[in-house]
>>> print(open('my_file-v7.csv').read())   # CSV, C-alpha atoms
chain,number,residue,atom,x,y,z
A,1,MET,CA,20.6,-7.8,-7.7
A,2,ASN,CA,18.8,-10.7,-6.1
A,3,PHE,CA,15.0,-10.0,-6.4
A,4,GLU,CA,14.0,-13.4,-5.2
A,5,ILE,CA,11.4,-13.4,-2.4
A,6,LYS,CA,12.0,-15.7,0.5
A,7,ASP,CA,10.0,-15.6,3.8
A,8,HIS,CA,8.3,-12.5,2.3
A,9,LEU,CA,11.6,-10.6,2.1
A,10,ILE,CA,13.4,-9.4,-1.1
A,11,GLY,CA,16.8,-11.1,-1.2
A,12,SER,CA,18.9,-8.0,-2.1
A,13,ALA,CA,17.2,-5.7,0.3
A,14,GLU,CA,18.6,-4.6,3.6
A,15,PHE,CA,16.0,-5.5,6.3
A,16,ILE,CA,15.4,-2.9,9.0
A,17,GLU,CA,12.3,-3.9,10.8
A,18,SER,CA,9.7,-1.2,11.5
A,19,PRO,CA,7.3,-1.6,14.4
A,20,ASN,CA,4.6,0.1,12.3
A,21,ASN,CA,2.8,-2.9,10.9
A,22,SER,CA,0.0,-5.3,11.6
A,23,GLU,CA,-1.3,-8.7,10.6
A,24,ARG,CA,-3.0,-9.1,7.2
A,25,ASN,CA,-6.5,-10.5,7.0
A,26,CYS,CA,-6.8,-10.8,3.3
A,27,SER,CA,-4.7,-11.5,0.2
A,28,ILE,CA,-2.4,-8.9,-1.5
A,29,ASP,CA,-3.6,-7.6,-4.9
A,30,LEU,CA,-2.3,-4.0,-5.1
A,31,ILE,CA,1.0,-2.2,-5.2
A,32,VAL,CA,1.0,1.5,-4.1
A,33,ILE,CA,3.9,3.7,-5.3
A,34,HIS,CA,4.8,6.7,-3.0
A,35,CYS,CA,7.7,9.1,-2.7
A,36,ILE,CA,9.3,10.6,0.4
A,37,SER,CA,12.3,12.6,1.5
A,38,LEU,CA,12.9,14.3,4.9
A,39,PRO,CA,13.2,17.2,4.8
A,40,GLU,CA,11.6,17.6,1.3
A,41,GLY,CA,14.3,17.2,-1.3
A,42,ASP,CA,17.1,16.2,1.1
A,43,PHE,CA,18.4,12.7,0.3
A,44,LEU,CA,21.7,12.4,2.2
A,45,ASN,CA,20.4,11.4,5.6
A,46,SER,CA,18.7,8.6,7.6
A,47,ASN,CA,15.5,10.6,8.4
A,48,VAL,CA,13.1,8.3,6.5
A,49,ILE,CA,14.6,5.3,8.1
A,50,ASP,CA,14.3,7.0,11.5
A,51,LEU,CA,10.7,7.9,10.8
A,52,PHE,CA,9.7,4.3,9.9
A,53,GLN,CA,11.4,3.1,13.1
A,54,ASN,CA,9.7,5.8,15.3
A,55,LYS,CA,13.2,7.3,16.1
A,56,LEU,CA,13.0,10.6,14.1
A,57,ASP,CA,14.4,13.6,16.0
A,58,PHE,CA,11.7,16.1,15.5
A,59,ASN,CA,14.0,18.9,16.5
A,60,LYS,CA,16.3,18.3,13.4
A,61,HIS,CA,14.1,20.3,11.0
A,62,SER,CA,11.1,22.7,11.4
A,63,THR,CA,8.9,20.6,9.1
A,64,PHE,CA,9.3,17.5,11.3
A,65,GLU,CA,6.9,19.0,13.9
A,66,THR,CA,3.9,17.9,11.8
A,67,LEU,CA,5.2,14.3,12.0
A,68,LYS,CA,5.0,14.0,15.7
A,69,GLY,CA,2.9,11.0,16.7
A,70,LEU,CA,2.8,9.6,13.2
A,71,LYS,CA,3.2,5.9,13.0
A,72,VAL,CA,4.1,5.0,9.4
A,73,SER,CA,6.1,2.5,7.4
A,74,ALA,CA,6.3,1.0,3.9
A,75,HIS,CA,7.3,-2.4,2.8
A,76,LEU,CA,10.1,-1.1,0.6
A,77,PHE,CA,12.1,2.1,0.3
A,78,ILE,CA,14.1,2.5,-2.9
A,79,LYS,CA,16.9,5.1,-2.5
A,80,ARG,CA,18.2,7.3,-5.3
A,81,ASP,CA,21.1,4.9,-6.0
A,82,GLY,CA,18.6,2.0,-6.4
A,83,LYS,CA,19.4,0.4,-3.0
A,84,ILE,CA,16.4,-1.3,-1.4
A,85,ILE,CA,15.6,-1.2,2.3
A,86,GLN,CA,12.7,-3.4,3.4
A,87,PHE,CA,10.9,-2.4,6.6
A,88,VAL,CA,7.9,-4.9,6.7
A,89,PRO,CA,7.7,-8.4,5.4
A,90,PHE,CA,5.1,-8.7,2.6
A,91,ASP,CA,2.8,-11.0,4.5
A,92,LYS,CA,2.2,-8.1,7.0
A,93,CYS,CA,0.4,-4.8,6.6
A,94,ALA,CA,2.8,-1.8,6.4
A,95,TRP,CA,1.1,1.5,7.4
A,96,HIS,CA,1.7,3.4,4.2
A,97,ALA,CA,-1.6,4.3,2.7
A,98,GLY,CA,-3.6,6.0,5.5
A,99,GLU,CA,-7.3,6.7,4.7
A,100,SER,CA,-7.6,5.2,1.3
A,101,SER,CA,-9.8,3.2,-1.1
A,102,PHE,CA,-9.4,1.3,-4.3
A,103,ASN,CA,-12.1,-0.3,-6.4
A,104,ASN,CA,-14.7,0.5,-3.7
A,105,ARG,CA,-12.6,-1.2,-1.0
A,106,GLU,CA,-11.5,0.9,2.0
A,107,GLY,CA,-8.2,0.6,3.9
A,108,CYS,CA,-5.7,-0.2,1.2
A,109,ASN,CA,-3.0,-1.2,3.8
A,110,ASP,CA,-4.9,-4.4,4.3
A,111,PHE,CA,-4.5,-5.6,0.7
A,112,SER,CA,-1.5,-3.7,-0.7
A,113,ILE,CA,2.3,-3.5,-0.8
A,114,GLY,CA,3.7,0.0,-0.3
A,115,ILE,CA,6.8,1.0,-2.1
A,116,GLU,CA,8.4,4.4,-1.2
A,117,LEU,CA,10.8,6.0,-3.7
A,118,GLU,CA,13.3,8.5,-2.3
A,119,GLY,CA,12.3,11.7,-3.9
A,120,THR,CA,9.7,14.5,-4.2
A,121,VAL,CA,6.8,15.2,-6.5
A,122,ASP,CA,8.7,18.1,-7.9
A,123,GLN,CA,11.8,16.1,-9.2
A,124,GLU,CA,12.6,13.3,-11.6
A,125,PHE,CA,13.3,9.9,-10.1
A,126,THR,CA,16.6,8.3,-11.0
A,127,ASP,CA,17.2,5.7,-13.7
A,128,LYS,CA,18.6,3.5,-10.9
A,129,GLN,CA,15.4,3.7,-9.0
A,130,TYR,CA,13.4,2.5,-12.1
A,131,GLU,CA,16.0,-0.2,-12.8
A,132,THR,CA,15.3,-1.5,-9.3
A,133,LEU,CA,11.5,-0.8,-9.2
A,134,LYS,CA,10.6,-2.6,-12.4
A,135,PRO,CA,12.1,-6.1,-11.5
A,136,VAL,CA,10.8,-5.7,-8.0
A,137,ILE,CA,7.3,-5.1,-9.3
A,138,LEU,CA,7.5,-8.0,-11.7
A,139,LYS,CA,8.7,-10.4,-8.9
A,140,LEU,CA,5.9,-9.2,-6.6
A,141,LYS,CA,3.3,-9.7,-9.3
A,142,GLU,CA,4.6,-13.2,-9.9
A,143,GLU,CA,4.8,-14.1,-6.2
A,144,TYR,CA,1.5,-12.7,-5.0
A,145,GLY,CA,-0.6,-12.5,-8.2
A,146,ILE,CA,-0.9,-8.7,-8.0
A,147,ALA,CA,-2.8,-7.1,-10.9
A,148,ASP,CA,-2.9,-3.4,-10.1
A,149,ILE,CA,-0.2,-0.8,-9.5
A,150,VAL,CA,-1.3,2.7,-8.5
A,151,GLY,CA,0.1,5.9,-7.0
A,152,HIS,CA,-0.7,7.1,-3.5
A,153,SER,CA,-2.7,9.9,-5.3
A,154,ASP,CA,-4.9,7.3,-6.9
A,155,ILE,CA,-6.1,5.8,-3.6
A,156,ALA,CA,-6.2,9.0,-1.5
A,157,PRO,CA,-6.8,11.8,-4.1
A,158,ASP,CA,-8.1,14.3,-1.5
A,159,ARG,CA,-4.9,14.0,0.6
A,160,LYS,CA,-2.0,12.9,-1.5
A,161,VAL,CA,-0.3,13.8,-4.7
A,162,ASP,CA,2.6,11.4,-4.8
A,163,PRO,CA,4.4,9.9,-6.6
A,164,GLY,CA,3.6,13.0,-8.7
A,165,PRO,CA,3.9,14.2,-12.3
A,166,HIS,CA,7.6,13.3,-12.6
A,167,PHE,CA,7.0,9.6,-12.0
A,168,ASN,CA,7.3,7.9,-15.4
A,169,TRP,CA,4.8,5.1,-15.5
A,170,ASP,CA,6.0,4.2,-19.0
A,171,LYS,CA,9.3,3.1,-17.5
A,172,LEU,CA,7.5,0.3,-15.7
A,173,ASN,CA,6.0,-0.9,-19.0
A,174,ASP,CA,9.2,-0.9,-21.2
>>> encode(input="my_file-v7.csv", output="structure tokens")
Amino acid sequence: MNFEIKDHLIGSAEFIESPNNSERNCSIDLIVIHCISLPEGDFLNSNVIDLFQNKLDFNKHSTFETLKGLKVSAHLFIKRDGKIIQFVPFDKCAWHAGESSFNNREGCNDFSIGIELEGTVDQEFTDKQYETLKPVILKLKEEYGIADIVGHSDIAPDRKVDPGPHFNWDKLND
């Protein structure tokens, strides 16, 4: 895979632009790991892509009702097979963190890159996801000088639990 970054895009990623982004007003120094599947635990559909593009059919599943009006995106979405989809260039804010803080700074969207893994907090992530995630993180750290990598639960502990107990942080350090 090509993990080179050109014009704030990962070379091997499919780019599907999300309208849910804004301009950055500060440098990037944080990576936030999330997980998502819609509906929970169902991986063989385009619902996450549709959500990030504001095209989700809320009638497809009863749990989608709570997502109405939500404007959300991530920079990257890593599918179970390791495929990368990029929704927002890294020089823009993706709307992934919501109300959040890290090191006494509020609004983590402003200074972070959001990476969604296709999955749930109740399941293991795939080896292919880690095989993609690790070099992506290394390249992002090199390109942007990022020092910190956290889970969504670390920056919004009262609201979020992802990536959850099955995310193996040690696989990033191997």
>>> closest_residue(input="my_file-v7.csv", among="A:Leu76, A:Ile5, A:Ile36, A:Val88", to="A:Tyr144", atoms="only C-alpha atoms")
A:Ile5
>>> residues_around(input="my_file-v7.csv", residues="stretch 15-27 of chain A", least_positions_apart="5", cutoff="7 Å", atoms="all atoms listed in the file", output="PyMOL selection string")
chain A and resi 52-53+71-73+85-88+91-95+110-111
>>> atom_distance(input="my_file-v7.csv", atom1="atom CA of A:Lys141", atom2="atom CA of A:Asp81")
23.3 Å
>>> closest_residue(input="my_file-v7.csv", among="A:Asp148, A:Glu40, A:Asp57, A:Asp154", to="A:Val121", atoms="all atoms listed in the file")
A:Glu40
>>> atom_distance(input="my_file-v7.csv", atom1="atom CA of A:Lys60", atom2="atom CA of A:Ile78")
22.8 Å
>>> axis_aligned_box(input="my_file-v7.csv", around="stretch 46-58 of chain A", padding_each_side="3 Å", output="JSON")
{"center_x": 14.2, "center_y": 9.6, "center_z": 11.3, "size_x": 15.0, "size_y": 19.0, "size_z": 15.6}
>>> atom_distance(input="my_file-v7.csv", atom1="atom CA of A:Gly98", atom2="atom CA of A:Asn173")
27.2 Å
>>> closest_residue(input="my_file-v7.csv", among="A:Asp50, A:Arg80, A:His152, A:Phe125", to="A:Leu67", atoms="only C-alpha atoms")
A:Asp50
>>> residues_around(input="my_file-v7.csv", residues="A:Gly69", least_positions_apart="4", cutoff="12 Å", atoms="only C-alpha atoms", output="compact mmCIF listing (two decimals) with C-alpha atoms, keeping the file's coordinate frame")
# COMPACT_ATOMS: atom_id res chain seq x y z
CA ASN A 20 4.60 0.10 12.30
CA LEU A 51 10.70 7.90 10.80
CA PHE A 52 9.70 4.30 9.90
CA ASN A 54 9.70 5.80 15.30
CA LYS A 55 13.20 7.30 16.10
CA LEU A 56 13.00 10.60 14.10
CA ASP A 57 14.40 13.60 16.00
CA PHE A 58 11.70 16.10 15.50
CA PHE A 64 9.30 17.50 11.30
CA GLU A 65 6.90 19.00 13.90
>>> closest_residue(input="my_file-v7.csv", among="A:Glu131, A:Val136, A:Thr63, A:Phe102", to="A:Gly11", atoms="all atoms listed in the file")
A:Val136
>>> residues_around(input="my_file-v7.csv", residues="A:Asn2", least_positions_apart="3", cutoff="12 Å", atoms="all atoms listed in the file", output="list in words")
Ile5, Lys6, Leu9, Ile10, Gly11, Ser12, Ala13, Glu14, Lys83, Ile84, Thr132, Pro135, Val136 and Lys139 of chain A
>>> closest_residue(input="my_file-v7.csv", among="A:Lys79, A:His61, A:His166, A:His96", to="A:Val32", atoms="all atoms listed in the file")
A:His96
>>> closest_residue(input="my_file-v7.csv", among="A:Asp29, A:Asp7, A:Asp162, A:Asp170", to="A:Asp122", atoms="all atoms listed in the file")
A:Asp162
